Amino acid sequence: MNLFDKIAADLLDAMKAREKEKLETLRNIKKALIEARSAKGAGLELADEESLKVIQKLAKQGRDSAAIYKEQNRSDLYGQEIYQVGIIESYLPAKLGTAELEACIRSVIESTGASSMKDMGKVMAAASKELAGKAEGREISEMVKKLLSQ
């Protein structure tokens, strides 16, 4: 069962259980996946890697919205947004810790033969593909810069 089918099944379960907020969140995820699937150049099916990218984007948008709500002292909206982000993130793989991320990027650097900051693009491309859903692009970029500048 691919990620899209799992979300569709969970959507039906939430509907049957009358979980309003969870249902709304799952509908938003499914809508975003359908939009990505029907985008120009996309195939009929969305690979799990592409689905993860869409879900990561939704989670990041939710975290950003929650931060804004917190700044504006809107605890009601903040709580709702954090709950939705929790549901969205449940479909993402577990995040890597700093040590694990460093080890993965070191292996990517070795496999690509990178030796300086000139090779950052090559390393970023390989690392982003390998670590899709496990780490944010910003974290990957910072670690690659740190390791290549040593």
# chains A, B, ... in the order shown; residues from 1 in each chain; ligands from 1
>>> residues_around(residues="Met15 (chain A)", least_positions_apart="5", cutoff="12 Å", atoms="only C-alpha atoms", output="list in words")
Ala8, Ala9, Asp10, Lys20, Glu21, Lys22, Leu23, Glu24, Thr25, Leu26 and Arg27 of chain A
>>> atom_distance(atom1="CA of Asp5 (chain A)", atom2="CA of Glu130 (chain A)")
23.2 Å
>>> residues_around(residues="Gly137 (chain A)", least_positions_apart="6", cutoff="12 Å", atoms="only C-alpha atoms", output="ChimeraX atom specification")
/A:53,56-57,60,101,124-131,143-144
>>> write_last_selection(atoms="N, CA and C atoms", output="PDB file, in the first residue's frame")
ATOM      1  N   LYS A  53       7.698  14.588  -0.187  1.00  0.00           N
ATOM      2  CA  LYS A  53       8.064  15.986  -0.381  1.00  0.00           C
ATOM      3  C   LYS A  53       6.852  16.892  -0.180  1.00  0.00           C
ATOM      4  N   GLN A  56       6.049  16.926   3.521  1.00  0.00           N
ATOM      5  CA  GLN A  56       7.039  17.742   4.230  1.00  0.00           C
ATOM      6  C   GLN A  56       6.721  19.221   4.072  1.00  0.00           C
ATOM      7  N   LYS A  57       6.338  19.605   2.872  1.00  0.00           N
ATOM      8  CA  LYS A  57       6.005  21.009   2.617  1.00  0.00           C
ATOM      9  C   LYS A  57       4.802  21.429   3.455  1.00  0.00           C
ATOM     10  N   LYS A  60       5.920  21.859   7.081  1.00  0.00           N
ATOM     11  CA  LYS A  60       6.684  23.095   7.255  1.00  0.00           C
ATOM     12  C   LYS A  60       5.747  24.301   7.262  1.00  0.00           C
ATOM     13  N   LEU A 101      22.717  12.255  10.952  1.00  0.00           N
ATOM     14  CA  LEU A 101      22.749  13.098   9.760  1.00  0.00           C
ATOM     15  C   LEU A 101      24.186  13.298   9.297  1.00  0.00           C
ATOM     16  N   MET A 124      24.846  17.985  -2.338  1.00  0.00           N
ATOM     17  CA  MET A 124      23.465  18.336  -1.965  1.00  0.00           C
ATOM     18  C   MET A 124      22.455  17.522  -2.763  1.00  0.00           C
ATOM     19  N   ALA A 125      22.714  17.348  -4.052  1.00  0.00           N
ATOM     20  CA  ALA A 125      21.785  16.576  -4.887  1.00  0.00           C
ATOM     21  C   ALA A 125      21.668  15.141  -4.392  1.00  0.00           C
ATOM     22  N   ALA A 126      22.802  14.521  -4.134  1.00  0.00           N
ATOM     23  CA  ALA A 126      22.806  13.130  -3.670  1.00  0.00           C
ATOM     24  C   ALA A 126      22.233  13.012  -2.260  1.00  0.00           C
ATOM     25  N   ALA A 127      22.621  13.940  -1.382  1.00  0.00           N
ATOM     26  CA  ALA A 127      22.164  13.875   0.010  1.00  0.00           C
ATOM     27  C   ALA A 127      20.666  14.150   0.109  1.00  0.00           C
ATOM     28  N   SER A 128      20.170  15.105  -0.652  1.00  0.00           N
ATOM     29  CA  SER A 128      18.739  15.418  -0.612  1.00  0.00           C
ATOM     30  C   SER A 128      17.905  14.225  -1.071  1.00  0.00           C
ATOM     31  N   LYS A 129      18.400  13.532  -2.079  1.00  0.00           N
ATOM     32  CA  LYS A 129      17.675  12.363  -2.575  1.00  0.00           C
ATOM     33  C   LYS A 129      17.695  11.235  -1.542  1.00  0.00           C
ATOM     34  N   GLU A 130      18.853  11.017  -0.948  1.00  0.00           N
ATOM     35  CA  GLU A 130      18.997   9.925   0.018  1.00  0.00           C
ATOM     36  C   GLU A 130      18.253  10.198   1.326  1.00  0.00           C
ATOM     37  N   LEU A 131      18.209  11.458   1.741  1.00  0.00           N
ATOM     38  CA  LEU A 131      17.638  11.804   3.042  1.00  0.00           C
ATOM     39  C   LEU A 131      16.234  12.395   2.936  1.00  0.00           C
ATOM     40  N   MET A 143      24.874  21.038   7.305  1.00  0.00           N
ATOM     41  CA  MET A 143      25.821  19.965   7.614  1.00  0.00           C
ATOM     42  C   MET A 143      26.813  19.782   6.465  1.00  0.00           C
ATOM     43  N   VAL A 144      26.332  19.874   5.214  1.00  0.00           N
ATOM     44  CA  VAL A 144      27.237  19.735   4.057  1.00  0.00           C
ATOM     45  C   VAL A 144      28.268  20.862   4.080  1.00  0.00           C
TER      46      VAL A 144
END
>>> select_by_dssp(residues="chain A", states="alpha helix (DSSP H)", output="VMD selection string")
chain A and resid 3 to 17 20 to 37 48 to 71 75 to 89 98 to 112 120 to 130 137 to 148
>>> atom_distance(atom1="CA of Gly133 (chain A)", atom2="CA of Ala36 (chain A)")
16.6 Å
>>> atom_distance(atom1="CA of Ala39 (chain A)", atom2="CA of Gly86 (chain A)")
26.6 Å
>>> decode(residues="region 8-150 of chain A", atoms="C-alpha atoms", output="PDB file, in the first residue's frame")
ATOM      1  CA  ALA A   8      -7.171   7.599   1.863  1.00  0.00           C
ATOM      2  CA  ALA A   9      -7.802   4.645   4.191  1.00  0.00           C
ATOM      3  CA  ASP A  10      -7.063   6.753   7.281  1.00  0.00           C
ATOM      4  CA  LEU A  11      -9.419   9.411   5.927  1.00  0.00           C
ATOM      5  CA  LEU A  12     -12.238   6.859   5.809  1.00  0.00           C
ATOM      6  CA  ASP A  13     -11.431   5.719   9.346  1.00  0.00           C
ATOM      7  CA  ALA A  14     -11.504   9.314  10.608  1.00  0.00           C
ATOM      8  CA  MET A  15     -14.802   9.852   8.829  1.00  0.00           C
ATOM      9  CA  LYS A  16     -16.327   6.781  10.477  1.00  0.00           C
ATOM     10  CA  ALA A  17     -14.974   7.801  13.890  1.00  0.00           C
ATOM     11  CA  ARG A  18     -16.261  11.380  13.386  1.00  0.00           C
ATOM     12  CA  GLU A  19     -12.881  12.915  14.186  1.00  0.00           C
ATOM     13  CA  LYS A  20     -13.489  16.358  12.733  1.00  0.00           C
ATOM     14  CA  GLU A  21     -10.000  17.906  12.991  1.00  0.00           C
ATOM     15  CA  LYS A  22      -8.199  14.764  11.867  1.00  0.00           C
ATOM     16  CA  LEU A  23     -10.608  14.424   8.960  1.00  0.00           C
ATOM     17  CA  GLU A  24      -9.990  18.025   7.894  1.00  0.00           C
ATOM     18  CA  THR A  25      -6.220  17.529   8.039  1.00  0.00           C
ATOM     19  CA  LEU A  26      -6.311  14.294   6.066  1.00  0.00           C
ATOM     20  CA  ARG A  27      -8.523  15.921   3.433  1.00  0.00           C
ATOM     21  CA  ASN A  28      -5.962  18.711   3.087  1.00  0.00           C
ATOM     22  CA  ILE A  29      -3.139  16.185   2.681  1.00  0.00           C
ATOM     23  CA  LYS A  30      -5.106  14.207   0.095  1.00  0.00           C
ATOM     24  CA  LYS A  31      -5.992  17.400  -1.788  1.00  0.00           C
ATOM     25  CA  ALA A  32      -2.320  18.438  -1.927  1.00  0.00           C
ATOM     26  CA  LEU A  33      -1.317  14.980  -3.177  1.00  0.00           C
ATOM     27  CA  ILE A  34      -4.015  15.016  -5.856  1.00  0.00           C
ATOM     28  CA  GLU A  35      -2.881  18.469  -6.977  1.00  0.00           C
ATOM     29  CA  ALA A  36       0.728  17.250  -7.173  1.00  0.00           C
ATOM     30  CA  ARG A  37      -0.377  14.182  -9.101  1.00  0.00           C
ATOM     31  CA  SER A  38      -2.357  16.228 -11.613  1.00  0.00           C
ATOM     32  CA  ALA A  39       0.353  18.879 -12.073  1.00  0.00           C
ATOM     33  CA  LYS A  40       1.767  19.328 -15.532  1.00  0.00           C
ATOM     34  CA  GLY A  41       4.313  16.629 -16.283  1.00  0.00           C
ATOM     35  CA  ALA A  42       3.302  14.363 -13.405  1.00  0.00           C
ATOM     36  CA  GLY A  43       2.205  10.803 -14.029  1.00  0.00           C
ATOM     37  CA  LEU A  44      -1.041   9.201 -12.954  1.00  0.00           C
ATOM     38  CA  GLU A  45       0.559   7.833  -9.818  1.00  0.00           C
ATOM     39  CA  LEU A  46       2.683   9.731  -7.327  1.00  0.00           C
ATOM     40  CA  ALA A  47       5.760   7.927  -6.048  1.00  0.00           C
ATOM     41  CA  ASP A  48       6.160   7.776  -2.278  1.00  0.00           C
ATOM     42  CA  GLU A  49       9.275   9.995  -2.489  1.00  0.00           C
ATOM     43  CA  GLU A  50       7.249  12.713  -4.223  1.00  0.00           C
ATOM     44  CA  SER A  51       4.403  12.266  -1.746  1.00  0.00           C
ATOM     45  CA  LEU A  52       6.865  12.701   1.118  1.00  0.00           C
ATOM     46  CA  LYS A  53       8.064  15.986  -0.381  1.00  0.00           C
ATOM     47  CA  VAL A  54       4.478  17.260  -0.558  1.00  0.00           C
ATOM     48  CA  ILE A  55       3.777  16.169   3.017  1.00  0.00           C
ATOM     49  CA  GLN A  56       7.039  17.742   4.230  1.00  0.00           C
ATOM     50  CA  LYS A  57       6.005  21.009   2.617  1.00  0.00           C
ATOM     51  CA  LEU A  58       2.608  20.867   4.363  1.00  0.00           C
ATOM     52  CA  ALA A  59       4.280  20.181   7.716  1.00  0.00           C
ATOM     53  CA  LYS A  60       6.684  23.095   7.255  1.00  0.00           C
ATOM     54  CA  GLN A  61       3.817  25.422   6.327  1.00  0.00           C
ATOM     55  CA  GLY A  62       1.929  24.272   9.421  1.00  0.00           C
ATOM     56  CA  ARG A  63       4.916  24.867  11.708  1.00  0.00           C
ATOM     57  CA  ASP A  64       5.399  28.331  10.191  1.00  0.00           C
ATOM     58  CA  SER A  65       1.711  29.159  10.701  1.00  0.00           C
ATOM     59  CA  ALA A  66       1.867  27.908  14.292  1.00  0.00           C
ATOM     60  CA  ALA A  67       4.870  30.155  14.969  1.00  0.00           C
ATOM     61  CA  ILE A  68       2.939  33.159  13.654  1.00  0.00           C
ATOM     62  CA  TYR A  69      -0.084  32.288  15.778  1.00  0.00           C
ATOM     63  CA  LYS A  70       2.144  31.982  18.831  1.00  0.00           C
ATOM     64  CA  GLU A  71       3.730  35.392  18.159  1.00  0.00           C
ATOM     65  CA  GLN A  72       0.260  36.924  17.913  1.00  0.00           C
ATOM     66  CA  ASN A  73      -0.901  35.250  21.155  1.00  0.00           C
ATOM     67  CA  ARG A  74      -3.573  33.224  19.346  1.00  0.00           C
ATOM     68  CA  SER A  75      -3.328  30.108  21.500  1.00  0.00           C
ATOM     69  CA  ASP A  76      -6.574  28.674  20.093  1.00  0.00           C
ATOM     70  CA  LEU A  77      -5.263  28.693  16.515  1.00  0.00           C
ATOM     71  CA  TYR A  78      -1.785  27.695  17.663  1.00  0.00           C
ATOM     72  CA  GLY A  79      -3.101  24.558  19.381  1.00  0.00           C
ATOM     73  CA  GLN A  80      -5.177  23.591  16.368  1.00  0.00           C
ATOM     74  CA  GLU A  81      -2.247  24.091  13.990  1.00  0.00           C
ATOM     75  CA  ILE A  82       0.135  22.062  16.177  1.00  0.00           C
ATOM     76  CA  TYR A  83      -2.409  19.226  16.315  1.00  0.00           C
ATOM     77  CA  GLN A  84      -2.648  19.231  12.516  1.00  0.00           C
ATOM     78  CA  VAL A  85       1.144  19.306  12.145  1.00  0.00           C
ATOM     79  CA  GLY A  86       1.324  16.265  14.428  1.00  0.00           C
ATOM     80  CA  ILE A  87      -1.054  14.364  12.156  1.00  0.00           C
ATOM     81  CA  ILE A  88       0.850  15.433   9.039  1.00  0.00           C
ATOM     82  CA  GLU A  89       4.217  14.454  10.535  1.00  0.00           C
ATOM     83  CA  SER A  90       2.911  11.013  11.460  1.00  0.00           C
ATOM     84  CA  TYR A  91       3.171  10.162   7.744  1.00  0.00           C
ATOM     85  CA  LEU A  92       6.820  11.222   7.557  1.00  0.00           C
ATOM     86  CA  PRO A  93       9.741   8.950   8.453  1.00  0.00           C
ATOM     87  CA  ALA A  94      11.482   9.601  11.759  1.00  0.00           C
ATOM     88  CA  LYS A  95      13.856  12.563  11.710  1.00  0.00           C
ATOM     89  CA  LEU A  96      17.565  11.871  11.928  1.00  0.00           C
ATOM     90  CA  GLY A  97      19.578  13.098  14.863  1.00  0.00           C
ATOM     91  CA  THR A  98      22.618  15.312  14.350  1.00  0.00           C
ATOM     92  CA  ALA A  99      25.088  12.420  14.631  1.00  0.00           C
ATOM     93  CA  GLU A 100      23.102  10.229  12.233  1.00  0.00           C
ATOM     94  CA  LEU A 101      22.749  13.098   9.760  1.00  0.00           C
ATOM     95  CA  GLU A 102      26.485  13.769   9.895  1.00  0.00           C
ATOM     96  CA  ALA A 103      27.283  10.083   9.302  1.00  0.00           C
ATOM     97  CA  CYS A 104      24.935   9.903   6.298  1.00  0.00           C
ATOM     98  CA  ILE A 105      26.363  13.055   4.750  1.00  0.00           C
ATOM     99  CA  ARG A 106      29.938  11.863   5.330  1.00  0.00           C
ATOM    100  CA  SER A 107      29.118   8.683   3.391  1.00  0.00           C
ATOM    101  CA  VAL A 108      27.566  10.755   0.586  1.00  0.00           C
ATOM    102  CA  ILE A 109      30.680  12.944   0.458  1.00  0.00           C
ATOM    103  CA  GLU A 110      32.876   9.836   0.215  1.00  0.00           C
ATOM    104  CA  SER A 111      30.730   8.238  -2.496  1.00  0.00           C
ATOM    105  CA  THR A 112      30.679  11.415  -4.602  1.00  0.00           C
ATOM    106  CA  GLY A 113      34.384  12.084  -4.127  1.00  0.00           C
ATOM    107  CA  ALA A 114      33.748  15.651  -2.977  1.00  0.00           C
ATOM    108  CA  SER A 115      36.649  17.488  -1.441  1.00  0.00           C
ATOM    109  CA  SER A 116      35.781  21.184  -1.313  1.00  0.00           C
ATOM    110  CA  MET A 117      32.929  23.682  -1.316  1.00  0.00           C
ATOM    111  CA  LYS A 118      33.028  23.582  -5.140  1.00  0.00           C
ATOM    112  CA  ASP A 119      31.402  20.148  -4.913  1.00  0.00           C
ATOM    113  CA  MET A 120      28.529  21.289  -2.698  1.00  0.00           C
ATOM    114  CA  GLY A 121      25.924  21.057  -5.472  1.00  0.00           C
ATOM    115  CA  LYS A 122      26.872  17.476  -6.268  1.00  0.00           C
ATOM    116  CA  VAL A 123      26.762  16.495  -2.580  1.00  0.00           C
ATOM    117  CA  MET A 124      23.465  18.336  -1.965  1.00  0.00           C
ATOM    118  CA  ALA A 125      21.785  16.576  -4.887  1.00  0.00           C
ATOM    119  CA  ALA A 126      22.806  13.130  -3.670  1.00  0.00           C
ATOM    120  CA  ALA A 127      22.164  13.875   0.010  1.00  0.00           C
ATOM    121  CA  SER A 128      18.739  15.418  -0.612  1.00  0.00           C
ATOM    122  CA  LYS A 129      17.675  12.363  -2.575  1.00  0.00           C
ATOM    123  CA  GLU A 130      18.997   9.925   0.018  1.00  0.00           C
ATOM    124  CA  LEU A 131      17.638  11.804   3.042  1.00  0.00           C
ATOM    125  CA  ALA A 132      14.217  12.719   1.606  1.00  0.00           C
ATOM    126  CA  GLY A 133      11.770  12.971   4.477  1.00  0.00           C
ATOM    127  CA  LYS A 134      14.398  12.194   7.100  1.00  0.00           C
ATOM    128  CA  ALA A 135      15.891  15.693   7.337  1.00  0.00           C
ATOM    129  CA  GLU A 136      14.995  19.176   6.170  1.00  0.00           C
ATOM    130  CA  GLY A 137      16.913  20.749   3.314  1.00  0.00           C
ATOM    131  CA  ARG A 138      18.206  23.513   5.561  1.00  0.00           C
ATOM    132  CA  GLU A 139      19.690  20.980   8.007  1.00  0.00           C
ATOM    133  CA  ILE A 140      21.278  19.017   5.166  1.00  0.00           C
ATOM    134  CA  SER A 141      22.739  22.185   3.658  1.00  0.00           C
ATOM    135  CA  GLU A 142      24.220  23.356   6.961  1.00  0.00           C
ATOM    136  CA  MET A 143      25.821  19.965   7.614  1.00  0.00           C
ATOM    137  CA  VAL A 144      27.237  19.735   4.057  1.00  0.00           C
ATOM    138  CA  LYS A 145      28.753  23.225   4.403  1.00  0.00           C
ATOM    139  CA  LYS A 146      30.242  22.301   7.780  1.00  0.00           C
ATOM    140  CA  LEU A 147      31.776  19.054   6.552  1.00  0.00           C
ATOM    141  CA  LEU A 148      33.092  20.404   3.244  1.00  0.00           C
ATOM    142  CA  SER A 149      34.704  23.444   4.852  1.00  0.00           C
ATOM    143  CA  GLN A 150      36.749  21.311   7.271  1.00  0.00           C
TER     144      GLN A 150
END
